[in-house]
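Trainee: Just one file: model-v4.cif, with mmCIF, C-alpha atoms.
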data_target
loop_
_atom_site.label_atom_id
_atom_site.label_comp_id
_atom_site.auth_asym_id
_atom_site.auth_seq_id
_atom_site.Cartn_x
_atom_site.Cartn_y
_atom_site.Cartn_z
CA MET A 1 2.67 14.36 -28.99
CA GLU A 2 3.26 18.08 -28.58
CA MET A 3 5.39 17.70 -25.43
CA LEU A 4 7.98 15.68 -27.34
CA LYS A 5 8.83 18.55 -29.68
CA LYS A 6 11.12 20.18 -27.10
CA TYR A 7 13.38 17.11 -27.09
CA ASP A 8 15.84 15.68 -29.58
CA LEU A 9 14.58 12.11 -29.88
CA SER A 10 17.44 10.78 -32.01
CA VAL A 11 20.07 8.38 -30.67
CA ASP A 12 23.51 7.83 -32.22
CA ALA A 13 24.34 4.18 -31.50
CA ASP A 14 28.06 4.73 -32.12
CA ILE A 15 28.22 7.56 -29.59
CA VAL A 16 26.41 5.40 -27.05
CA ALA A 17 28.72 2.43 -27.66
CA ASN A 18 31.88 4.54 -27.35
CA ALA A 19 30.63 6.25 -24.20
CA VAL A 20 29.78 2.91 -22.58
CA LYS A 21 33.19 1.51 -23.52
CA LYS A 22 34.90 4.45 -21.83
CA ILE A 23 32.71 4.15 -18.73
CA LYS A 24 33.52 0.44 -18.41
CA THR A 25 37.21 1.33 -18.24
CA GLN A 26 36.52 3.98 -15.61
CA ALA A 27 34.50 1.50 -13.56
CA LEU A 28 37.50 -0.82 -13.40
CA ASN A 29 39.55 1.97 -11.81
CA ALA A 30 37.01 2.82 -9.10
CA ASP A 31 37.35 1.89 -5.41
CA GLU A 32 35.87 -1.61 -5.65
CA ASN A 33 34.96 -2.05 -1.99
CA GLN A 34 33.30 1.35 -1.72
CA VAL A 35 31.32 0.79 -4.90
CA ASN A 36 30.20 -2.68 -3.78
CA LYS A 37 28.96 -1.32 -0.46
CA SER A 38 27.13 1.50 -2.22
CA VAL A 39 25.57 -0.83 -4.78
CA PHE A 40 24.27 -3.12 -2.03
CA THR A 41 22.17 -0.28 -0.60
CA LEU A 42 20.53 0.20 -4.03
CA ILE A 43 19.08 -3.32 -4.26
CA ASP A 44 15.34 -3.95 -4.41
CA LEU A 45 15.30 -7.45 -2.90
CA THR A 46 12.71 -9.26 -4.95
CA THR A 47 10.57 -12.37 -5.07
CA LEU A 48 8.18 -12.67 -8.02
CA THR A 49 7.29 -16.32 -8.53
CA GLU A 50 4.15 -18.45 -8.61
CA LEU A 51 5.35 -20.10 -5.37
CA ASP A 52 5.32 -16.90 -3.29
CA ASN A 53 3.35 -17.15 -0.06
CA GLU A 54 3.40 -15.70 3.44
CA ALA A 55 6.10 -18.07 4.69
CA LYS A 56 8.46 -17.17 1.84
CA VAL A 57 7.87 -13.44 2.23
CA LYS A 58 8.24 -13.67 6.00
CA ASP A 59 11.62 -15.37 5.59
CA MET A 60 12.83 -12.59 3.30
CA CYS A 61 11.60 -9.93 5.72
CA GLN A 62 13.30 -11.63 8.68
CA LYS A 63 16.61 -11.66 6.81
CA VAL A 64 16.27 -7.94 6.14
CA ASN A 65 15.22 -7.33 9.76
CA GLY A 66 18.29 -9.17 11.06
CA PHE A 67 20.78 -7.83 8.54
CA LYS A 68 22.39 -5.13 10.70
CA ALA A 69 22.97 -7.59 13.55
CA GLN A 70 24.93 -9.78 11.14
CA TYR A 71 26.67 -7.00 9.15
CA ALA A 72 27.04 -4.05 11.50
CA ASP A 73 29.24 -2.04 9.12
CA MET A 74 26.80 -2.31 6.19
CA ASN A 75 23.64 -0.40 5.32
CA ASN A 76 20.55 -2.40 4.37
CA VAL A 77 18.91 -2.98 1.00
CA ALA A 78 16.60 -0.29 -0.37
CA ALA A 79 13.30 -2.19 -0.59
CA ILE A 80 11.52 -5.52 -0.75
CA CYS A 81 9.58 -6.01 -4.00
CA VAL A 82 6.70 -8.49 -4.32
CA TYR A 83 3.42 -9.15 -6.13
CA PRO A 84 0.42 -7.06 -4.95
CA SER A 85 -1.15 -9.92 -3.00
CA MET A 86 2.07 -10.35 -1.02
CA VAL A 87 2.23 -6.69 0.11
CA PRO A 88 0.21 -7.27 3.31
CA TYR A 89 2.73 -9.93 4.36
CA VAL A 90 5.66 -7.55 3.89
CA LYS A 91 3.83 -4.87 5.86
CA LYS A 92 3.13 -7.43 8.60
CA HIS A 93 6.64 -8.84 8.93
CA LEU A 94 9.05 -6.05 7.88
CA GLN A 95 10.29 -4.27 10.99
CA THR A 96 13.35 -2.46 9.67
CA LYS A 97 12.90 1.23 9.07
CA ASN A 98 14.02 2.92 5.84
CA VAL A 99 13.39 -0.20 3.73
CA GLY A 100 10.60 0.39 1.23
CA ILE A 101 7.71 -1.90 0.37
CA ALA A 102 7.58 -2.18 -3.42
CA SER A 103 4.92 -3.93 -5.46
CA VAL A 104 4.74 -4.72 -9.14
CA GLY A 105 1.39 -3.82 -10.64
CA GLY A 106 -0.53 -2.79 -13.70
CA GLY A 107 -0.79 -6.26 -15.19
CA PHE A 108 2.88 -7.11 -14.59
CA PRO A 109 4.82 -8.43 -16.46
CA ALA A 110 3.10 -8.15 -19.87
CA SER A 111 0.84 -5.13 -19.17
CA GLN A 112 -1.87 -6.81 -21.25
CA THR A 113 -5.05 -5.94 -19.42
CA PHE A 114 -7.54 -3.09 -19.21
CA THR A 115 -6.31 0.32 -18.07
CA GLU A 116 -8.97 0.45 -15.37
CA ILE A 117 -7.72 -2.81 -13.89
CA LYS A 118 -4.12 -1.58 -13.97
CA VAL A 119 -5.07 1.59 -12.12
CA GLN A 120 -7.16 -0.26 -9.54
CA GLU A 121 -4.50 -2.91 -8.91
CA CYS A 122 -1.84 -0.28 -8.23
CA ALA A 123 -4.15 1.71 -5.95
CA MET A 124 -5.03 -1.46 -4.02
CA ALA A 125 -1.35 -2.32 -3.56
CA VAL A 126 -0.71 1.10 -2.06
CA LYS A 127 -3.74 0.78 0.19
CA ALA A 128 -2.31 -2.55 1.39
CA GLY A 129 0.96 -0.89 2.36
CA ALA A 130 3.15 -0.49 -0.73
CA THR A 131 5.27 2.65 -0.80
CA GLU A 132 6.52 2.01 -4.34
CA ILE A 133 4.86 0.62 -7.48
CA ASP A 134 6.66 -0.89 -10.49
CA ILE A 135 4.55 -0.97 -13.68
CA VAL A 136 5.27 -1.97 -17.29
CA ILE A 137 4.43 0.24 -20.24
CA PRO A 138 2.02 -1.26 -22.83
CA VAL A 139 4.98 -2.35 -24.95
CA GLY A 140 3.07 -3.76 -27.91
CA GLU A 141 0.91 -0.67 -28.27
CA PHE A 142 3.89 1.64 -27.86
CA VAL A 143 5.99 -0.01 -30.58
CA ALA A 144 2.91 0.24 -32.84
CA GLY A 145 2.97 4.02 -32.33
CA ASN A 146 0.46 4.47 -29.52
CA ASP A 147 2.32 7.09 -27.46
CA GLU A 148 -0.96 8.33 -25.99
CA LEU A 149 -1.73 5.04 -24.23
CA LEU A 150 1.69 4.92 -22.57
CA PHE A 151 1.36 8.53 -21.43
CA ASN A 152 -2.26 8.34 -20.28
CA GLU A 153 -1.92 5.04 -18.39
CA THR A 154 1.18 6.23 -16.59
CA LYS A 155 -0.49 9.50 -15.66
CA GLN A 156 -3.64 7.79 -14.39
CA ILE A 157 -1.69 5.29 -12.30
CA LYS A 158 0.49 8.01 -10.79
CA GLN A 159 -2.61 9.99 -9.85
CA ALA A 160 -4.17 6.89 -8.29
CA ILE A 161 -1.17 6.03 -6.07
CA GLY A 162 -0.52 9.54 -4.78
CA GLU A 163 2.70 9.93 -2.80
CA ALA A 164 3.91 6.39 -3.51
CA HIS A 165 6.83 6.27 -5.94
CA LEU A 166 6.02 5.09 -9.44
CA LYS A 167 8.70 3.12 -11.31
CA VAL A 168 7.89 2.68 -15.01
CA ILE A 169 9.43 -0.35 -16.74
CA LEU A 170 10.20 0.17 -20.44
CA GLU A 171 11.18 -3.44 -21.27
CA THR A 172 14.18 -2.07 -23.17
CA GLY A 173 15.12 -5.45 -24.64
CA ASP A 174 12.07 -5.14 -26.90
CA LEU A 175 12.83 -1.57 -28.01
CA THR A 176 15.18 0.20 -30.40
CA PRO A 177 17.52 2.88 -29.00
CA GLU A 178 15.20 5.62 -30.30
CA GLN A 179 12.18 3.92 -28.73
CA ILE A 180 14.00 3.65 -25.39
CA ARG A 181 14.62 7.40 -25.41
CA ARG A 182 11.07 8.21 -26.53
CA ALA A 183 9.48 5.93 -23.91
CA SER A 184 11.72 7.38 -21.21
CA ILE A 185 10.61 10.92 -21.94
CA LEU A 186 6.94 10.02 -22.27
CA ALA A 187 6.99 8.20 -18.92
CA MET A 188 8.71 11.10 -17.16
CA GLU A 189 6.38 13.67 -18.69
CA ALA A 190 3.47 11.56 -17.41
CA GLY A 191 4.79 11.67 -13.84
CA ALA A 192 7.09 8.67 -13.41
CA ASP A 193 9.31 8.96 -10.34
CA PHE A 194 11.70 6.32 -11.75
CA ILE A 195 12.24 4.75 -15.13
CA LYS A 196 13.35 1.12 -15.17
CA THR A 197 14.89 -1.05 -17.87
CA SER A 198 13.24 -4.44 -17.61
CA THR A 199 11.00 -6.97 -15.90
CA GLY A 200 13.60 -9.72 -16.08
CA LYS A 201 10.91 -11.86 -17.73
CA VAL A 202 11.98 -11.48 -21.38
CA ALA A 203 15.01 -12.69 -23.34
CA VAL A 204 16.99 -9.42 -23.16
CA SER A 205 16.96 -7.55 -19.86
CA ALA A 206 19.14 -4.66 -18.72
CA THR A 207 22.08 -3.60 -20.89
CA HIS A 208 24.68 -0.91 -20.34
CA GLU A 209 23.67 0.77 -23.59
CA ALA A 210 19.99 1.00 -22.62
CA MET A 211 21.02 2.34 -19.23
CA TYR A 212 23.15 5.04 -20.86
CA ILE A 213 20.28 6.11 -23.16
CA MET A 214 17.85 6.28 -20.24
CA CYS A 215 20.24 8.26 -18.04
CA SER A 216 20.82 10.69 -20.90
CA ALA A 217 17.04 11.12 -21.22
CA ILE A 218 16.77 11.78 -17.49
CA LYS A 219 19.51 14.39 -17.75
CA ASP A 220 17.74 16.16 -20.61
CA TYR A 221 14.37 15.98 -18.83
CA HIS A 222 15.93 17.44 -15.66
CA GLU A 223 17.42 20.29 -17.68
CA GLN A 224 14.00 21.00 -19.19
CA THR A 225 11.91 20.74 -16.02
CA GLY A 226 14.17 20.89 -12.96
CA ARG A 227 12.58 17.66 -11.66
CA MET A 228 14.81 14.75 -10.68
CA VAL A 229 13.74 11.29 -11.83
CA GLY A 230 15.31 8.05 -10.62
CA ILE A 231 16.74 5.14 -12.61
CA LYS A 232 16.56 1.37 -12.10
CA PRO A 233 18.32 -1.28 -14.18
CA ALA A 234 16.90 -4.75 -13.57
CA GLY A 235 17.17 -8.27 -14.90
CA GLY A 236 20.30 -10.34 -15.33
CA ILE A 237 22.56 -8.23 -13.09
CA ARG A 238 24.31 -10.88 -11.01
CA GLU A 239 27.99 -9.95 -10.81
CA PRO A 240 29.49 -7.05 -8.82
CA LYS A 241 31.69 -5.96 -11.75
CA ASP A 242 28.62 -5.68 -13.96
CA ALA A 243 26.73 -3.72 -11.32
CA ALA A 244 29.73 -1.40 -10.96
CA VAL A 245 29.35 -0.40 -14.61
CA TYR A 246 25.72 0.59 -14.05
CA TYR A 247 26.82 2.57 -11.01
CA GLU A 248 29.48 4.37 -13.02
CA ILE A 249 27.03 5.17 -15.83
CA VAL A 250 24.81 6.96 -13.33
CA ASN A 251 27.79 8.71 -11.78
CA GLN A 252 29.16 9.87 -15.12
CA VAL A 253 25.92 10.85 -16.88
CA LEU A 254 23.78 12.12 -14.00
CA GLY A 255 26.30 12.87 -11.27
CA SER A 256 26.80 12.00 -7.63
CA ASP A 257 23.38 13.41 -6.59
CA TRP A 258 21.86 10.29 -8.20
CA THR A 259 24.19 7.69 -6.64
CA ASN A 260 21.97 6.89 -3.66
CA ASN A 261 18.85 4.79 -3.22
CA GLU A 262 16.51 7.76 -3.32
CA TRP A 263 17.28 8.11 -7.05
CA PHE A 264 18.98 4.86 -8.05
CA ARG A 265 17.85 1.27 -7.56
CA ILE A 266 19.01 -2.08 -8.90
CA GLY A 267 16.62 -4.98 -9.35
CA ALA A 268 18.94 -7.90 -8.74
CA SER A 269 18.27 -10.14 -5.75
CA SER A 270 20.96 -12.67 -6.70
CA LEU A 271 23.48 -9.84 -6.64
CA ALA A 272 23.15 -9.37 -2.87
CA ASN A 273 25.12 -12.47 -1.84
CA SER A 274 27.71 -11.88 -4.57
CA LEU A 275 28.37 -8.39 -3.24
CA LEU A 276 28.70 -9.68 0.32
CA GLN A 277 31.19 -12.29 -0.88
CA GLU A 278 33.30 -9.62 -2.58
CA ILE A 279 33.14 -7.24 0.38
CA TYR A 280 34.02 -9.86 3.03
CA LYS A 281 36.19 -12.09 0.82
CA LYS A 282 34.48 -15.28 1.89
CA GLU A 283 31.53 -17.45 0.90
CA GLU A 284 28.25 -15.72 1.81
CA SER A 285 24.70 -17.00 1.42
CA TYR A 286 22.78 -14.75 3.81
CA PHE A 287 20.00 -14.09 1.33
#
Rewrite the structure from the file as structure tokens, please.
Mentor:
Amino acid sequence: MEMLKKYDLSVDADIVANAVKKIKTQALNADENQVNKSVFTLIDLTTLTELDNEAKVKDMCQKVNGFKAQYADMNNVAAICVYPSMVPYVKKHLQTKNVGIASVGGGFPASQTFTEIKVQECAMAVKAGATEIDIVIPVGEFVAGNDELLFNETKQIKQAIGEAHLKVILETGDLTPEQIRRASILAMEAGADFIKTSTGKVAVSATHEAMYIMCSAIKDYHEQTGRMVGIKPAGGIREPKDAAVYYEIVNQVLGSDWTNNEWFRIGASSLANSLLQEIYKKEESYF
């Protein structure tokens, strides 16, 4: 596509590996408690199972609603993320301000349905109360060379959801480094507000290397356009030390303007209790 010609689409795997190695060392030297508290505020608290229902979603919302009463010195999670049909329940039971209502959409997690259905599903989720939508690129078509479908679907969905934030999942575990960079740029050029690594539903989810490539693409896109785009690693991030590396990648590649939940999210519900345990140095199972 013509728009890609202004970008260098190559990726040097050795440069990426060496950069990530250096960042891991830097993450170990950071203020652990401060980073853990910051990372907590980036979490999209998520439930995406076949057993989801109003009672389960209500319980999650009540925990978020009561969080500040239990942890007065902490800021809350960034959002609650659910399937489209669960969005009305979040809207009904979530009382805490400044916590977003996120919905997966667009045929999540495989993105194997008609474009019209993807667009309609996302629009319906926003109408039901979602303020953020997480979609998956058509991975199979993209790896076969169909850049146009990725671009056009993303653009149509963004137009359909208006002011709601659109997070575009690349499913990086299925892509080569060059494909990760290419998909990142295509999604951003199509209007993505965030790019996201993974659904957490395939064998390989978020990796530090994929995160570095995506952040580098965001940096280059920002230099070309002046528009900030957010980043979200997701899938398999369970330990605070691992999350700290993702935080440091953003800090090093994109800078401190991105190290807040307006521009940086982490999809890792199981991480929440682990962070609380590290911060308070005792067993925690609040979530």
Trainee: Since I can't run it myself right now, could you work out what the PyMOL selection byres ((chain A and resi 135-144) around 8) selects here and report it as a PDB file with C-alpha atoms, in the coordinates of the input?
Mentor:
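The result, written out as selection_16.pdb:
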ATOM      1  CA  VAL A 104       4.740  -4.720  -9.140  1.00  0.00           C
ATOM      2  CA  GLY A 105       1.390  -3.820 -10.640  1.00  0.00           C
ATOM      3  CA  GLY A 106      -0.530  -2.790 -13.700  1.00  0.00           C
ATOM      4  CA  GLY A 107      -0.790  -6.260 -15.190  1.00  0.00           C
ATOM      5  CA  PHE A 108       2.880  -7.110 -14.590  1.00  0.00           C
ATOM      6  CA  PRO A 109       4.820  -8.430 -16.460  1.00  0.00           C
ATOM      7  CA  ALA A 110       3.100  -8.150 -19.870  1.00  0.00           C
ATOM      8  CA  SER A 111       0.840  -5.130 -19.170  1.00  0.00           C
ATOM      9  CA  GLN A 112      -1.870  -6.810 -21.250  1.00  0.00           C
ATOM     10  CA  ILE A 133       4.860   0.620  -7.480  1.00  0.00           C
ATOM     11  CA  ASP A 134       6.660  -0.890 -10.490  1.00  0.00           C
ATOM     12  CA  GLY A 145       2.970   4.020 -32.330  1.00  0.00           C
ATOM     13  CA  ASN A 146       0.460   4.470 -29.520  1.00  0.00           C
ATOM     14  CA  ASP A 147       2.320   7.090 -27.460  1.00  0.00           C
ATOM     15  CA  LEU A 149      -1.730   5.040 -24.230  1.00  0.00           C
ATOM     16  CA  LEU A 150       1.690   4.920 -22.570  1.00  0.00           C
ATOM     17  CA  THR A 154       1.180   6.230 -16.590  1.00  0.00           C
ATOM     18  CA  LEU A 166       6.020   5.090  -9.440  1.00  0.00           C
ATOM     19  CA  LYS A 167       8.700   3.120 -11.310  1.00  0.00           C
ATOM     20  CA  VAL A 168       7.890   2.680 -15.010  1.00  0.00           C
ATOM     21  CA  ILE A 169       9.430  -0.350 -16.740  1.00  0.00           C
ATOM     22  CA  LEU A 170      10.200   0.170 -20.440  1.00  0.00           C
ATOM     23  CA  GLU A 171      11.180  -3.440 -21.270  1.00  0.00           C
ATOM     24  CA  ASP A 174      12.070  -5.140 -26.900  1.00  0.00           C
ATOM     25  CA  LEU A 175      12.830  -1.570 -28.010  1.00  0.00           C
ATOM     26  CA  GLN A 179      12.180   3.920 -28.730  1.00  0.00           C
ATOM     27  CA  THR A 199      11.000  -6.970 -15.900  1.00  0.00           C
TER      28      THR A 199
END
Trainee: Have a look at A:Leu254, A:Met1, A:Met86, A:Val77 and name the one nearest to Leu51 of chain A; count all atoms listed in the file.
Mentor: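 With all atoms listed in the file as the atom set, the closest residue is A:Met86.
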Trainee: Selection in question (the file shown): the PyMOL selection byres ((chain A and resi 202) around 9). Which residues does it include, as a list in words?
Mentor: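 Expected selection for the PyMOL selection byres ((chain A and resi 202) around 9) here is Glu171, Gly173, Asp174, Ser198, Thr199, Gly200, Lys201, Ala203, Val204, Ser205 and Gly235 of chain A.
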Trainee: Starting from the displayed file, determine the output of the PyMOL selection byres ((chain A and resi 155-160) around 8) and express the residue list as JSON, numbers by chain.
Mentor: {"A": [118, 119, 120, 122, 123, 151, 152, 153, 154, 161, 162, 166, 190, 191, 192]}
Trainee: Quick one: residues within 9 Å of (16.3, 6.9, -3.9) (file frame), counting only C-alpha atoms, please, as a list in words.
Mentor: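 All residues meeting the 9 Å criterion around (16.3, 6.9, -3.9) are Leu42, Ala78, Gly230, Ile231, Trp258, Thr259, Asn260, Asn261, Glu262, Trp263, Phe264 and Arg265 of chain A.
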Trainee: Quick check, in Å to one decimal: how far apart do atom CA of Met3 of chain A and atom CA of His165 of chain A lie?
Mentor: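 Pair atom CA of Met3 of chain A / atom CA of His165 of chain A returns 22.6 Å.
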Trainee: Mind giving me the straight-line distance from atom CA of Leu94 of chain A to atom CA of Thr49 of chain A in Å, one decimal?
Mentor: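 Here the two named atoms are 19.4 Å from each other.
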Trainee: Might you pull out every residue within 9 Å of Val245 of chain A, with all atoms listed in the file counted and same-chain residues fewer than 3 positions away left off, and present them as a PDB file with C-alpha atoms, keeping the file's coordinate frame?
Mentor:
ATOM      1  CA  VAL A  20      29.780   2.910 -22.580  1.00  0.00           C
ATOM      2  CA  ILE A  23      32.710   4.150 -18.730  1.00  0.00           C
ATOM      3  CA  LYS A  24      33.520   0.440 -18.410  1.00  0.00           C
ATOM      4  CA  THR A  25      37.210   1.330 -18.240  1.00  0.00           C
ATOM      5  CA  GLN A  26      36.520   3.980 -15.610  1.00  0.00           C
ATOM      6  CA  ALA A  27      34.500   1.500 -13.560  1.00  0.00           C
ATOM      7  CA  LEU A  28      37.500  -0.820 -13.400  1.00  0.00           C
ATOM      8  CA  HIS A 208      24.680  -0.910 -20.340  1.00  0.00           C
ATOM      9  CA  PRO A 240      29.490  -7.050  -8.820  1.00  0.00           C
ATOM     10  CA  LYS A 241      31.690  -5.960 -11.750  1.00  0.00           C
ATOM     11  CA  ASP A 242      28.620  -5.680 -13.960  1.00  0.00           C
ATOM     12  CA  GLU A 248      29.480   4.370 -13.020  1.00  0.00           C
ATOM     13  CA  ILE A 249      27.030   5.170 -15.830  1.00  0.00           C
ATOM     14  CA  VAL A 250      24.810   6.960 -13.330  1.00  0.00           C
TER      15      VAL A 250
END
Trainee: Generate the coordinates of N, CA and C atoms for segment 178-196 of chain A; report them as a PDB file, in the frame of the given file.
Mentor:
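Contents of part37.pdb, freshly written:
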ATOM      1  N   GLU A 178      16.078   4.454 -30.185  1.00  0.00           N
ATOM      2  CA  GLU A 178      15.200   5.620 -30.300  1.00  0.00           C
ATOM      3  C   GLU A 178      13.910   5.417 -29.503  1.00  0.00           C
ATOM      4  N   GLN A 179      13.387   4.201 -29.508  1.00  0.00           N
ATOM      5  CA  GLN A 179      12.180   3.920 -28.730  1.00  0.00           C
ATOM      6  C   GLN A 179      12.452   3.986 -27.234  1.00  0.00           C
ATOM      7  N   ILE A 180      13.634   3.554 -26.809  1.00  0.00           N
ATOM      8  CA  ILE A 180      14.000   3.650 -25.390  1.00  0.00           C
ATOM      9  C   ILE A 180      13.988   5.119 -24.955  1.00  0.00           C
ATOM     10  N   ARG A 181      14.590   5.968 -25.756  1.00  0.00           N
ATOM     11  CA  ARG A 181      14.620   7.400 -25.410  1.00  0.00           C
ATOM     12  C   ARG A 181      13.207   7.991 -25.410  1.00  0.00           C
ATOM     13  N   ARG A 182      12.434   7.670 -26.423  1.00  0.00           N
ATOM     14  CA  ARG A 182      11.070   8.210 -26.530  1.00  0.00           C
ATOM     15  C   ARG A 182      10.208   7.759 -25.349  1.00  0.00           C
ATOM     16  N   ALA A 183      10.271   6.468 -25.028  1.00  0.00           N
ATOM     17  CA  ALA A 183       9.480   5.930 -23.910  1.00  0.00           C
ATOM     18  C   ALA A 183       9.917   6.548 -22.586  1.00  0.00           C
ATOM     19  N   SER A 184      11.212   6.756 -22.429  1.00  0.00           N
ATOM     20  CA  SER A 184      11.720   7.380 -21.210  1.00  0.00           C
ATOM     21  C   SER A 184      11.107   8.751 -21.000  1.00  0.00           C
ATOM     22  N   ILE A 185      11.120   9.554 -22.048  1.00  0.00           N
ATOM     23  CA  ILE A 185      10.610  10.920 -21.940  1.00  0.00           C
ATOM     24  C   ILE A 185       9.103  10.940 -21.743  1.00  0.00           C
ATOM     25  N   LEU A 186       8.387  10.093 -22.462  1.00  0.00           N
ATOM     26  CA  LEU A 186       6.940  10.020 -22.270  1.00  0.00           C
ATOM     27  C   LEU A 186       6.580   9.643 -20.841  1.00  0.00           C
ATOM     28  N   ALA A 187       7.277   8.647 -20.286  1.00  0.00           N
ATOM     29  CA  ALA A 187       6.990   8.200 -18.920  1.00  0.00           C
ATOM     30  C   ALA A 187       7.274   9.315 -17.916  1.00  0.00           C
ATOM     31  N   MET A 188       8.374  10.012 -18.086  1.00  0.00           N
ATOM     32  CA  MET A 188       8.710  11.100 -17.160  1.00  0.00           C
ATOM     33  C   MET A 188       7.733  12.243 -17.281  1.00  0.00           C
ATOM     34  N   GLU A 189       7.353  12.591 -18.498  1.00  0.00           N
ATOM     35  CA  GLU A 189       6.380  13.670 -18.690  1.00  0.00           C
ATOM     36  C   GLU A 189       5.030  13.310 -18.076  1.00  0.00           C
ATOM     37  N   ALA A 190       4.729  12.016 -17.993  1.00  0.00           N
ATOM     38  CA  ALA A 190       3.470  11.560 -17.410  1.00  0.00           C
ATOM     39  C   ALA A 190       3.512  11.472 -15.893  1.00  0.00           C
ATOM     40  N   GLY A 191       4.697  11.653 -15.298  1.00  0.00           N
ATOM     41  CA  GLY A 191       4.790  11.670 -13.840  1.00  0.00           C
ATOM     42  C   GLY A 191       5.588  10.568 -13.204  1.00  0.00           C
ATOM     43  N   ALA A 192       6.268   9.736 -13.994  1.00  0.00           N
ATOM     44  CA  ALA A 192       7.090   8.670 -13.410  1.00  0.00           C
ATOM     45  C   ALA A 192       8.122   9.237 -12.446  1.00  0.00           C
ATOM     46  N   ASP A 193       8.272   8.582 -11.299  1.00  0.00           N
ATOM     47  CA  ASP A 193       9.310   8.960 -10.340  1.00  0.00           C
ATOM     48  C   ASP A 193      10.625   8.267 -10.657  1.00  0.00           C
ATOM     49  N   PHE A 194      10.545   7.106 -11.296  1.00  0.00           N
ATOM     50  CA  PHE A 194      11.700   6.320 -11.750  1.00  0.00           C
ATOM     51  C   PHE A 194      11.376   5.794 -13.141  1.00  0.00           C
ATOM     52  N   ILE A 195      12.397   5.578 -13.941  1.00  0.00           N
ATOM     53  CA  ILE A 195      12.240   4.750 -15.130  1.00  0.00           C
ATOM     54  C   ILE A 195      13.157   3.538 -14.953  1.00  0.00           C
ATOM     55  N   LYS A 196      12.706   2.405 -15.454  1.00  0.00           N
ATOM     56  CA  LYS A 196      13.350   1.120 -15.170  1.00  0.00           C
ATOM     57  C   LYS A 196      13.511   0.351 -16.472  1.00  0.00           C
TER      58      LYS A 196
END
